[in-house]
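S.K.: Sharing a structure here in structure tokens format.
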Number of protein chains: 2
Amino acid sequence: MAISEAEAVVMEVLWRGAPRTAEEILAEVGPAQQWQEGTVKSLLNRLLRKKAVHAERDGRRYLYTPLLSRGQYVQQESKGLLDRLFGGRVAPLVAHFSEQRKLSKKDIAELRQLLRELDDERH
Amino acid sequence: MAISEAEAVVMEVLWRGAPRTAEEILAEVGPAQQWQEGTVKSLLNRLLRKKAVHAERDGRRYLYTPLLSRGQYVQQESKGLLDRLFGGRVAPLVAHFSEQRKLSKKDIAELRQLLRELDDERH
DNA sequence: TGCCACCGTTTACGTACGTAATTGAAAATT
DNA sequence: AATTTTCAATTACGTACGTAAACGGTGGCA
């Protein structure tokens, strides 16, 4: 089962630093998201069912830790989009952003650097 | 309201060529998707409600045409992912695929070409 | 020892989605 | 004209999601 968008918000908190209690997660996410306590609890439970986080008892409360890494998640999401929209190839995706003028100077510089590094690796 | 994944499958058919009848869409999508007629009709109706397609009566049937362009759709989806996962910047996304060794030779060649073109544009 | 506060678990509820069966109207056939 | 066929529109239904209230157990305090 896939991680939903609201669930991903909780995961982001855990990726920023774990383990965390439900209370801490709420504190970090509540203001921006306008979520009540129950909402965060539900999301955590769904993430538990999906084996995306692990809960370890710590006295009266639980400490939540991500089982799914951010890398894995990013990988799944990106690959999904790439496959669905760009035939699984990266260059067309970048070309798309290029056409939309969504490449910043910084992006371009970094892409250039990246390609240089790939060159080097290939000794 | 967003276009769902199943709805996007129907849109892809219409982007490949419009207008089309429901029957044509089914013929093109049914085998791969294992969808029945009713499924395609429902998806078309939801797309109509979302103003993503337009239907024009043609005798006894309707001809469906996309109102949302593939470009717009791709743009929304890509930007969503980019913002959610890569801070809205393209280079980190490409770096991610690079780390995952998901850049094909062809990708690399095309990216290089793309950067060259960007150089040229900047005369 | 009995009650309260604190947490997690369970249940709830409206909407969207995937998938389809049912209905209803119009056209074609007999 | 009556019947059958053909479409689209309506309704259905289980699951996921966003959001949260209600329930329940357990440790602390009066």
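Chains: A, B, ... in order of the structure tokens. Residues: from 1 per chain. Ligands: from 1, in order shown.
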Taking only C-alpha atoms (C1' of nucleotides) into account and nothing else, which residues of chain C lie no more than 10 Å away from chain B? Please answer as a list in words.

M.R.: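 Output check: DA16, DC17, DG18, DT19, DA20, DA21, DA26 and DA27 of chain C.
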
S.K.: Based on only C-alpha atoms (C1' of nucleotides), which of the residues in chain D come within 12 Å of chain A? I want them as a PyMOL selection string.

M.R.: chain D and resi 15-22+25-28

S.K.: Give me a file of those residues, with N, CA, C and O atoms (P, O5', C5', C4', C3', O3' and C1' of nucleotides), as a PDB file, in the first residue's frame.

M.R.:
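What ended up in again34.pdb:
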ATOM      1  P    DT D  15     -13.332  -4.094   1.269  1.00  0.00           P
ATOM      2  O5'  DT D  15     -12.272  -2.934   0.972  1.00  0.00           O
ATOM      3  C5'  DT D  15     -11.567  -2.936  -0.253  1.00  0.00           C
ATOM      4  C4'  DT D  15     -10.879  -1.598  -0.420  1.00  0.00           C
ATOM      5  C3'  DT D  15     -10.104  -1.138   0.826  1.00  0.00           C
ATOM      6  O3'  DT D  15      -8.803  -0.782   0.389  1.00  0.00           O
ATOM      7  C1'  DT D  15     -11.500   0.586   0.041  1.00  0.00           C
ATOM      8  P    DA D  16      -7.651  -0.446   1.442  1.00  0.00           P
ATOM      9  O5'  DA D  16      -7.364   1.106   1.178  1.00  0.00           O
ATOM     10  C5'  DA D  16      -7.034   1.546  -0.132  1.00  0.00           C
ATOM     11  C4'  DA D  16      -7.033   3.068  -0.131  1.00  0.00           C
ATOM     12  C3'  DA D  16      -6.272   3.704   1.025  1.00  0.00           C
ATOM     13  O3'  DA D  16      -5.484   4.749   0.474  1.00  0.00           O
ATOM     14  C1'  DA D  16      -8.475   4.556   0.967  1.00  0.00           C
ATOM     15  P    DC D  17      -4.358   5.492   1.286  1.00  0.00           P
ATOM     16  O5'  DC D  17      -4.850   6.997   1.314  1.00  0.00           O
ATOM     17  C5'  DC D  17      -5.933   7.396   0.529  1.00  0.00           C
ATOM     18  C4'  DC D  17      -6.465   8.722   1.024  1.00  0.00           C
ATOM     19  C3'  DC D  17      -5.707   9.379   2.181  1.00  0.00           C
ATOM     20  O3'  DC D  17      -5.548  10.744   1.869  1.00  0.00           O
ATOM     21  C1'  DC D  17      -7.994   9.148   2.722  1.00  0.00           C
ATOM     22  P    DG D  18      -4.574  11.666   2.765  1.00  0.00           P
ATOM     23  O5'  DG D  18      -5.598  12.667   3.463  1.00  0.00           O
ATOM     24  C5'  DG D  18      -6.522  13.414   2.691  1.00  0.00           C
ATOM     25  C4'  DG D  18      -7.454  14.152   3.633  1.00  0.00           C
ATOM     26  C3'  DG D  18      -6.767  14.777   4.852  1.00  0.00           C
ATOM     27  O3'  DG D  18      -7.283  16.082   5.023  1.00  0.00           O
ATOM     28  C1'  DG D  18      -8.494  13.318   5.561  1.00  0.00           C
ATOM     29  P    DT D  19      -6.685  17.023   6.150  1.00  0.00           P
ATOM     30  O5'  DT D  19      -7.632  16.723   7.389  1.00  0.00           O
ATOM     31  C5'  DT D  19      -9.021  17.018   7.306  1.00  0.00           C
ATOM     32  C4'  DT D  19      -9.715  16.449   8.499  1.00  0.00           C
ATOM     33  C3'  DT D  19      -9.022  16.696   9.845  1.00  0.00           C
ATOM     34  O3'  DT D  19      -9.667  17.763  10.514  1.00  0.00           O
ATOM     35  C1'  DT D  19     -10.049  14.535   9.683  1.00  0.00           C
ATOM     36  P    DA D  20      -9.188  18.196  12.017  1.00  0.00           P
ATOM     37  O5'  DA D  20      -9.912  17.137  12.956  1.00  0.00           O
ATOM     38  C5'  DA D  20     -11.335  17.081  12.848  1.00  0.00           C
ATOM     39  C4'  DA D  20     -11.872  15.909  13.587  1.00  0.00           C
ATOM     40  C3'  DA D  20     -11.583  15.926  15.097  1.00  0.00           C
ATOM     41  O3'  DA D  20     -12.805  16.112  15.759  1.00  0.00           O
ATOM     42  C1'  DA D  20     -11.454  13.747  14.186  1.00  0.00           C
ATOM     43  P    DA D  21     -12.847  16.661  17.218  1.00  0.00           P
ATOM     44  O5'  DA D  21     -13.913  15.685  17.882  1.00  0.00           O
ATOM     45  C5'  DA D  21     -15.106  15.377  17.163  1.00  0.00           C
ATOM     46  C4'  DA D  21     -15.625  14.034  17.625  1.00  0.00           C
ATOM     47  C3'  DA D  21     -15.729  13.896  19.145  1.00  0.00           C
ATOM     48  O3'  DA D  21     -16.924  13.181  19.436  1.00  0.00           O
ATOM     49  C1'  DA D  21     -14.363  12.185  18.303  1.00  0.00           C
ATOM     50  P    DA D  22     -17.368  12.940  20.957  1.00  0.00           P
ATOM     51  O5'  DA D  22     -17.031  11.405  21.192  1.00  0.00           O
ATOM     52  C5'  DA D  22     -17.637  10.452  20.332  1.00  0.00           C
ATOM     53  C4'  DA D  22     -17.206   9.055  20.748  1.00  0.00           C
ATOM     54  C3'  DA D  22     -17.335   8.768  22.238  1.00  0.00           C
ATOM     55  O3'  DA D  22     -17.837   7.441  22.357  1.00  0.00           O
ATOM     56  C1'  DA D  22     -15.105   8.393  21.548  1.00  0.00           C
ATOM     57  P    DG D  25     -10.085  -1.616  28.881  1.00  0.00           P
ATOM     58  O5'  DG D  25      -8.562  -1.586  29.334  1.00  0.00           O
ATOM     59  C5'  DG D  25      -7.529  -1.670  28.356  1.00  0.00           C
ATOM     60  C4'  DG D  25      -6.353  -0.819  28.781  1.00  0.00           C
ATOM     61  C3'  DG D  25      -5.853  -1.110  30.211  1.00  0.00           C
ATOM     62  O3'  DG D  25      -4.450  -1.073  30.158  1.00  0.00           O
ATOM     63  C1'  DG D  25      -6.278   1.183  29.966  1.00  0.00           C
ATOM     64  P    DT D  26      -3.602  -2.022  31.228  1.00  0.00           P
ATOM     65  O5'  DT D  26      -2.548  -0.974  31.786  1.00  0.00           O
ATOM     66  C5'  DT D  26      -2.028   0.019  30.904  1.00  0.00           C
ATOM     67  C4'  DT D  26      -1.553   1.195  31.721  1.00  0.00           C
ATOM     68  C3'  DT D  26      -1.180   0.852  33.175  1.00  0.00           C
ATOM     69  O3'  DT D  26      -0.043   1.614  33.496  1.00  0.00           O
ATOM     70  C1'  DT D  26      -2.700   2.595  33.162  1.00  0.00           C
ATOM     71  P    DG D  27       1.107   0.926  34.435  1.00  0.00           P
ATOM     72  O5'  DG D  27       1.868   2.227  34.960  1.00  0.00           O
ATOM     73  C5'  DG D  27       2.089   3.292  34.050  1.00  0.00           C
ATOM     74  C4'  DG D  27       1.749   4.613  34.716  1.00  0.00           C
ATOM     75  C3'  DG D  27       2.303   4.753  36.143  1.00  0.00           C
ATOM     76  O3'  DG D  27       2.881   6.041  36.223  1.00  0.00           O
ATOM     77  C1'  DG D  27       0.004   5.246  36.122  1.00  0.00           C
ATOM     78  P    DG D  28       3.701   6.492  37.493  1.00  0.00           P
ATOM     79  O5'  DG D  28       2.800   7.671  38.076  1.00  0.00           O
ATOM     80  C5'  DG D  28       2.625   8.849  37.267  1.00  0.00           C
ATOM     81  C4'  DG D  28       1.619   9.770  37.935  1.00  0.00           C
ATOM     82  C3'  DG D  28       1.994  10.202  39.358  1.00  0.00           C
ATOM     83  O3'  DG D  28       1.678  11.581  39.451  1.00  0.00           O
ATOM     84  C1'  DG D  28      -0.142   9.207  39.383  1.00  0.00           C
TER      85       DG D  28
END

S.K.: Would you give me, as a short mmCIF file (atom, residue, chain, number, x, y, z; two decimals) with C-alpha atoms, in the first residue's frame, the residues of chain B that come within 7 Å of chain A, using only C-alpha atoms?

M.R.:
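Final output, saved to selection.cif:
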data_model
loop_
_atom_site.label_atom_id
_atom_site.label_comp_id
_atom_site.auth_asym_id
_atom_site.auth_seq_id
_atom_site.Cartn_x
_atom_site.Cartn_y
_atom_site.Cartn_z
CA VAL B 74 2.46 16.95 -16.80
CA LEU B 85 10.28 16.02 -2.55
CA ARG B 89 14.53 22.36 -7.65
CA VAL B 90 15.37 20.21 -10.63
CA ALA B 91 19.04 19.50 -10.02
CA LEU B 103 20.54 7.66 -15.79
CA ASP B 107 19.78 10.30 -20.76
CA GLU B 110 20.55 14.18 -24.01
CA LEU B 111 21.18 16.14 -20.86
#

S.K.: With DSSP run on the backbone, what are the alpha helix (DSSP H) residues within chain B? I'd like them as a VMD selection string.

M.R.: chain B and resid 5 to 16 22 to 33 37 to 49 70 to 86 90 to 99 105 to 121

S.K.: As a VMD selection string, which residues of region 12-105 of chain B does DSSP assign to strand (DSSP E or B)?

M.R.: chain B and resid 20 53 to 58 61 to 66

S.K.: Would you export the selected residues with N, CA and C atoms as a short mmCIF file (atom, residue, chain, number, x, y, z; two decimals), in the first residue's frame, please?

M.R.:
data_model
loop_
_atom_site.label_atom_id
_atom_site.label_comp_id
_atom_site.auth_asym_id
_atom_site.auth_seq_id
_atom_site.Cartn_x
_atom_site.Cartn_y
_atom_site.Cartn_z
N ARG B 20 -12.57 11.16 -29.59
CA ARG B 20 -12.80 9.72 -29.61
C ARG B 20 -14.15 9.43 -28.95
N VAL B 53 -12.39 17.07 -19.77
CA VAL B 53 -12.72 16.74 -21.14
C VAL B 53 -14.05 17.41 -21.51
N HIS B 54 -14.25 17.48 -22.81
CA HIS B 54 -15.48 18.05 -23.35
C HIS B 54 -16.15 16.96 -24.18
N ALA B 55 -17.47 16.91 -24.12
CA ALA B 55 -18.18 15.92 -24.91
C ALA B 55 -19.10 16.63 -25.90
N GLU B 56 -19.01 16.18 -27.13
CA GLU B 56 -19.85 16.77 -28.16
C GLU B 56 -20.68 15.67 -28.78
N ARG B 57 -21.97 15.90 -28.80
CA ARG B 57 -22.87 14.88 -29.34
C ARG B 57 -22.60 14.68 -30.83
N ASP B 58 -22.59 13.42 -31.21
CA ASP B 58 -22.41 13.09 -32.62
C ASP B 58 -23.40 11.98 -32.92
N ARG B 61 -24.00 9.00 -30.24
CA ARG B 61 -22.90 8.89 -29.28
C ARG B 61 -22.24 10.24 -29.01
N TYR B 62 -21.25 10.21 -28.19
CA TYR B 62 -20.51 11.43 -27.89
C TYR B 62 -19.08 11.32 -28.38
N LEU B 63 -18.55 12.44 -28.76
CA LEU B 63 -17.13 12.52 -29.07
C LEU B 63 -16.46 13.28 -27.93
N TYR B 64 -15.45 12.67 -27.38
CA TYR B 64 -14.77 13.27 -26.24
C TYR B 64 -13.45 13.90 -26.67
N THR B 65 -13.22 15.09 -26.16
CA THR B 65 -12.00 15.85 -26.47
C THR B 65 -11.39 16.32 -25.17
N PRO B 66 -10.10 16.30 -25.05
CA PRO B 66 -9.49 16.81 -23.82
C PRO B 66 -9.59 18.34 -23.76
#
